[in-house]
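Taking it in order: structure first as structure tokens, then the write-up.
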Amino acid sequence: MKQTAGERRRVTGALVALGIVLAACTSGGTGGTPAATSGGTSASEVPGATTVPGLKANKPYRIAVLFPNAGDPYFQQKRYGYEDEAKKVGVEVTFFDAGGYANIDKQIAQIEDAAQQKFDAIAIAVTSSTATVPALEAAVAAGILVVGDGVFPESDKVLKRGEDSEMAGYNAGRYLGNALKDGGSVGLLLGPPGIDLIRLREVGVKKGLAEFPKVTIAQGLNNLSDLVSSTKAAEDILQAHPDVKGFYAFNSVVAQAIVSALKSAGKKPGEVVVATVDMDPDLEQMIRDGWVQETNVAGSVLLGRVVIDTIVQKLNGVDVPKEGYLKPFEITKSNLDSFDRTILYPPS
């Protein structure tokens with residue numbers, strides 16, 4: 001699909017219009033001190049995590065894109081951003097899927113395969129922030145550019161582009177705290193262990209909840225990002241704590257699992273407050289129906305574009321910041337129809 005110059009400017013302009021702050025950092029932080037967003041805030045644009053109008057590759061670079069779980073709606077959305085931006089700038093992308101966060105060895109083998117095939121760059125959302133590091137650093141040593149995409153390896157040898165994960169968690173925690181400020185407990189489905197993004201979201205949600213002393217954490221569980229295991233985890237919390245008043249879900253798939261568990265438990269929409277991160281059409285409908293109250297979106301399609309442009313700039317010889325983060329945009333039912341959907345959804 002060909003995109004006009006005006007359409008491209010709108011995509012780039014969404015960074016400011018939607019309150020997505022871009023932080024170019026040199027440390028392993030989250031891009032800034034968490035602060036709640038509500039329907040977007042004014043923001044400045046810092047070079048390092050942005051699309052680049054008119055960008056063209058000096059050569060037809062080959063980029064390997066490694067996803068931990070390509071079946072997740074978030075990564076399905078992001079794939080469009082990669083593919084569409086790659087066509088615009090003139091590069092080739094090849095996708096690899098680990099098939100789930102538990103498949104760490106499979107992703108390590110894919111990293112090694114990409115290095116053997118001598119791709120110019122690897123973009124990766126890791127299955128493990130630690131176990132993948134040796135293979136990724138070996139790829140860097142072999143002259144391959146590596147960019148962490150959202151779910152990062154713990155390595156200072158890779159570039160990083162993603163969301164401010166701590167802020168995403170903080171917004172969700174603060175929303176839950178506000179909703180239950182007169183008292184109540186919440187369950188936390190935190191996501192797969194061993195992943196930096198999960199840890200940062202957990203730090204954020206607990207910071208947000210800590211601002212409301214009458215709100216307590218009933219139980220927190222690390223769960224895989226699939227409906228079956230996440231539904232079981234939500235059911236376990238509901239059985240142990242039947243009076244729980246809120247849930248945090250680390251992503252939209254887990255939020256859907258929580259809703260399924262709430263329905264099975266005979267709960268009504270809104271009886272238990274649910275806050276999460278990311279969004280897809282199924283979750284959007286659950287917000288409209290009152291089962292989920294809040295989510296936080298940095299823009300899956302937009303981030304795919306940002307990663308491609310970062311890679312092309314670097315391979316073209318441009319000095320780019322080592323880190324850059326998109327500020328999550330808080331979405332509730334009140335602003336569900338007013339945000340720029342081009343940052344999140346492929347064209348229908």
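Naming scheme: A, B, ... for chains in displayed order of the structure tokens; residues 1 onward per chain; ligands 1 onward as shown.
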
Among stretch 97-318 of chain A, which residues carry a DSSP assignment of alpha helix (DSSP H), reported as a ChimeraX atom specification? /A:104-116,133-141,165-179,196-210,227-240,252-264,281-288,300-315

Those of stretch 40-272 of chain A in DSSP strand (DSSP E), formatted as number ranges by chain: A: 62-67, 92-97, 121-124, 145-149, 159-163, 184-189, 215-221, 246-249

Cut-off 12 Å: closest stretch 261-318 of chain A/stretch 180-188 of chain A atom pairs per residue, using only C-alpha atoms, as a tab-separated table:
```
residue	atom	partner	partner_atom	distance
A:Gly270	CA	A:Leu180	CA	11.9
A:Glu271	CA	A:Leu180	CA	11.2
A:Val272	CA	A:Val186	CA	9.0
A:Val273	CA	A:Leu180	CA	8.4
A:Val274	CA	A:Val186	CA	9.2
A:Ala275	CA	A:Leu188	CA	10.0
A:Thr276	CA	A:Leu188	CA	10.1
```

Using only C-alpha atoms, the shortest atom-to-atom distance to A:Tyr175 among A:Lys59, A:Lys160, A:Arg199, A:Lys206 belongs to A:Lys206

Point out the residue among A:Val312, A:Val133, A:Ile331, A:Ala109 with the least atom-to-atom distance to A:Ala121, counting only C-alpha atoms.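 Of all the options, A:Val312 lies closest to A:Ala121.
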
Leaving out stretch 249-261 of chain A and any residue of its chain fewer than 6 positions from it, which residues lie within 8 Å of it when counting only C-alpha atoms, given as a short mmCIF file (atom, residue, chain, number, x, y, z; two decimals) with N, CA and C atoms, in the first residue's frame?
```
data_model
loop_
_atom_site.label_atom_id
_atom_site.label_comp_id
_atom_site.auth_asym_id
_atom_site.auth_seq_id
_atom_site.Cartn_x
_atom_site.Cartn_y
_atom_site.Cartn_z
N ASP A 72 0.49 -13.54 19.06
CA ASP A 72 -0.06 -12.50 19.92
C ASP A 72 -0.55 -11.34 19.04
N PRO A 73 -1.78 -10.83 19.26
CA PRO A 73 -2.28 -9.72 18.44
C PRO A 73 -1.32 -8.53 18.38
N GLY A 169 2.98 0.30 33.33
CA GLY A 169 2.53 -0.36 34.55
C GLY A 169 2.02 0.62 35.58
N LEU A 188 -2.65 -9.61 40.48
CA LEU A 188 -1.69 -9.20 39.44
C LEU A 188 -1.29 -10.41 38.61
N LEU A 189 -1.55 -10.38 37.32
CA LEU A 189 -1.00 -11.36 36.39
C LEU A 189 0.13 -10.67 35.66
N LEU A 190 1.35 -10.97 36.09
CA LEU A 190 2.52 -10.16 35.77
C LEU A 190 3.20 -10.53 34.47
N GLY A 191 2.97 -11.73 33.94
CA GLY A 191 3.61 -12.14 32.70
C GLY A 191 4.78 -13.07 32.94
N ILE A 198 8.65 -7.19 31.56
CA ILE A 198 7.72 -7.66 32.58
C ILE A 198 8.10 -7.09 33.95
N ARG A 201 7.21 -3.32 34.08
CA ARG A 201 5.77 -3.11 34.25
C ARG A 201 5.35 -3.45 35.67
N SER A 225 2.03 -15.90 28.33
CA SER A 225 1.15 -15.02 27.56
C SER A 225 0.27 -15.83 26.62
N ASP A 226 -0.60 -16.68 27.17
CA ASP A 226 -1.56 -17.39 26.35
C ASP A 226 -2.85 -17.52 27.14
N LEU A 227 -3.95 -17.75 26.44
CA LEU A 227 -5.26 -17.74 27.08
C LEU A 227 -5.43 -18.87 28.10
N VAL A 228 -4.91 -20.05 27.77
CA VAL A 228 -5.15 -21.20 28.65
C VAL A 228 -4.48 -21.01 30.01
N SER A 230 -3.16 -18.30 31.28
CA SER A 230 -3.55 -17.05 31.93
C SER A 230 -4.94 -17.17 32.55
N THR A 231 -5.85 -17.86 31.89
CA THR A 231 -7.17 -18.08 32.46
C THR A 231 -7.06 -18.90 33.74
N LYS A 232 -6.23 -19.94 33.71
CA LYS A 232 -6.01 -20.76 34.91
C LYS A 232 -5.45 -19.91 36.05
N ALA A 234 -5.79 -16.64 36.51
CA ALA A 234 -6.85 -15.75 37.00
C ALA A 234 -7.84 -16.51 37.87
N GLU A 235 -8.19 -17.72 37.44
CA GLU A 235 -9.11 -18.55 38.23
C GLU A 235 -8.51 -18.90 39.59
N VAL A 274 -10.55 -3.97 35.72
CA VAL A 274 -9.42 -4.57 35.02
C VAL A 274 -8.65 -3.49 34.27
N ALA A 275 -7.34 -3.45 34.51
CA ALA A 275 -6.46 -2.51 33.82
C ALA A 275 -5.33 -3.30 33.18
N THR A 276 -4.86 -2.86 32.01
CA THR A 276 -3.89 -3.66 31.27
C THR A 276 -3.00 -2.78 30.41
N VAL A 277 -2.26 -3.42 29.48
CA VAL A 277 -1.38 -2.74 28.55
C VAL A 277 -1.60 -3.35 27.16
N ASP A 278 -1.49 -2.52 26.12
CA ASP A 278 -1.71 -2.92 24.72
C ASP A 278 -3.21 -3.05 24.43
N MET A 279 -3.53 -3.19 23.13
CA MET A 279 -4.93 -3.30 22.75
C MET A 279 -5.06 -3.99 21.41
N ASP A 280 -6.14 -4.75 21.25
CA ASP A 280 -6.50 -5.38 19.99
C ASP A 280 -8.02 -5.30 19.88
N ASP A 282 -10.42 -7.46 20.09
CA ASP A 282 -11.16 -8.19 21.12
C ASP A 282 -11.17 -7.42 22.44
N LEU A 283 -10.01 -6.89 22.82
CA LEU A 283 -9.94 -6.12 24.06
C LEU A 283 -10.76 -4.84 23.93
N MET A 286 -14.18 -5.48 24.75
CA MET A 286 -14.37 -5.70 26.18
C MET A 286 -14.39 -4.37 26.94
N TRP A 291 -16.16 -4.71 30.56
CA TRP A 291 -15.39 -5.74 31.27
C TRP A 291 -13.98 -5.28 31.60
N VAL A 292 -13.39 -4.46 30.74
CA VAL A 292 -12.06 -3.89 30.96
C VAL A 292 -12.22 -2.37 31.00
#
```

Out of A:Val147, A:Leu200, A:Ile217, A:Val301, which residue has the shortest atom-to-atom distance to A:Gly324 when counting only C-alpha atoms?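 Nearest candidate to A:Gly324 out of A:Val147, A:Leu200, A:Ile217, A:Val301: A:Val147.
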
Distance in Å - atom CA of A:Thr50 versus atom CA of A:Val93: 19.1 Å

Check the smallest atom-to-atom distance from each of A:Asp337, A:Asp236, A:Glu330, A:Glu166 to A:Gln285 using only C-alpha atoms, then report the winner. A:Asp337

Between A:Leu302, A:Leu221, A:Leu66, A:Val89, which is the closest to A:Arg161 once you count only C-alpha atoms? A:Leu302

Atomic distance atom CA of A:Lys322 - atom CA of A:Val126, expressed in Å with one decimal: 17.6 Å

Calculated over only C-alpha atoms, which of the candidates A:Ala123, A:Ala131, A:Ile195, A:Leu315 has the smallest distance to A:Asp105?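 Nearest candidate to A:Asp105 out of A:Ala123, A:Ala131, A:Ile195, A:Leu315: A:Ala131.
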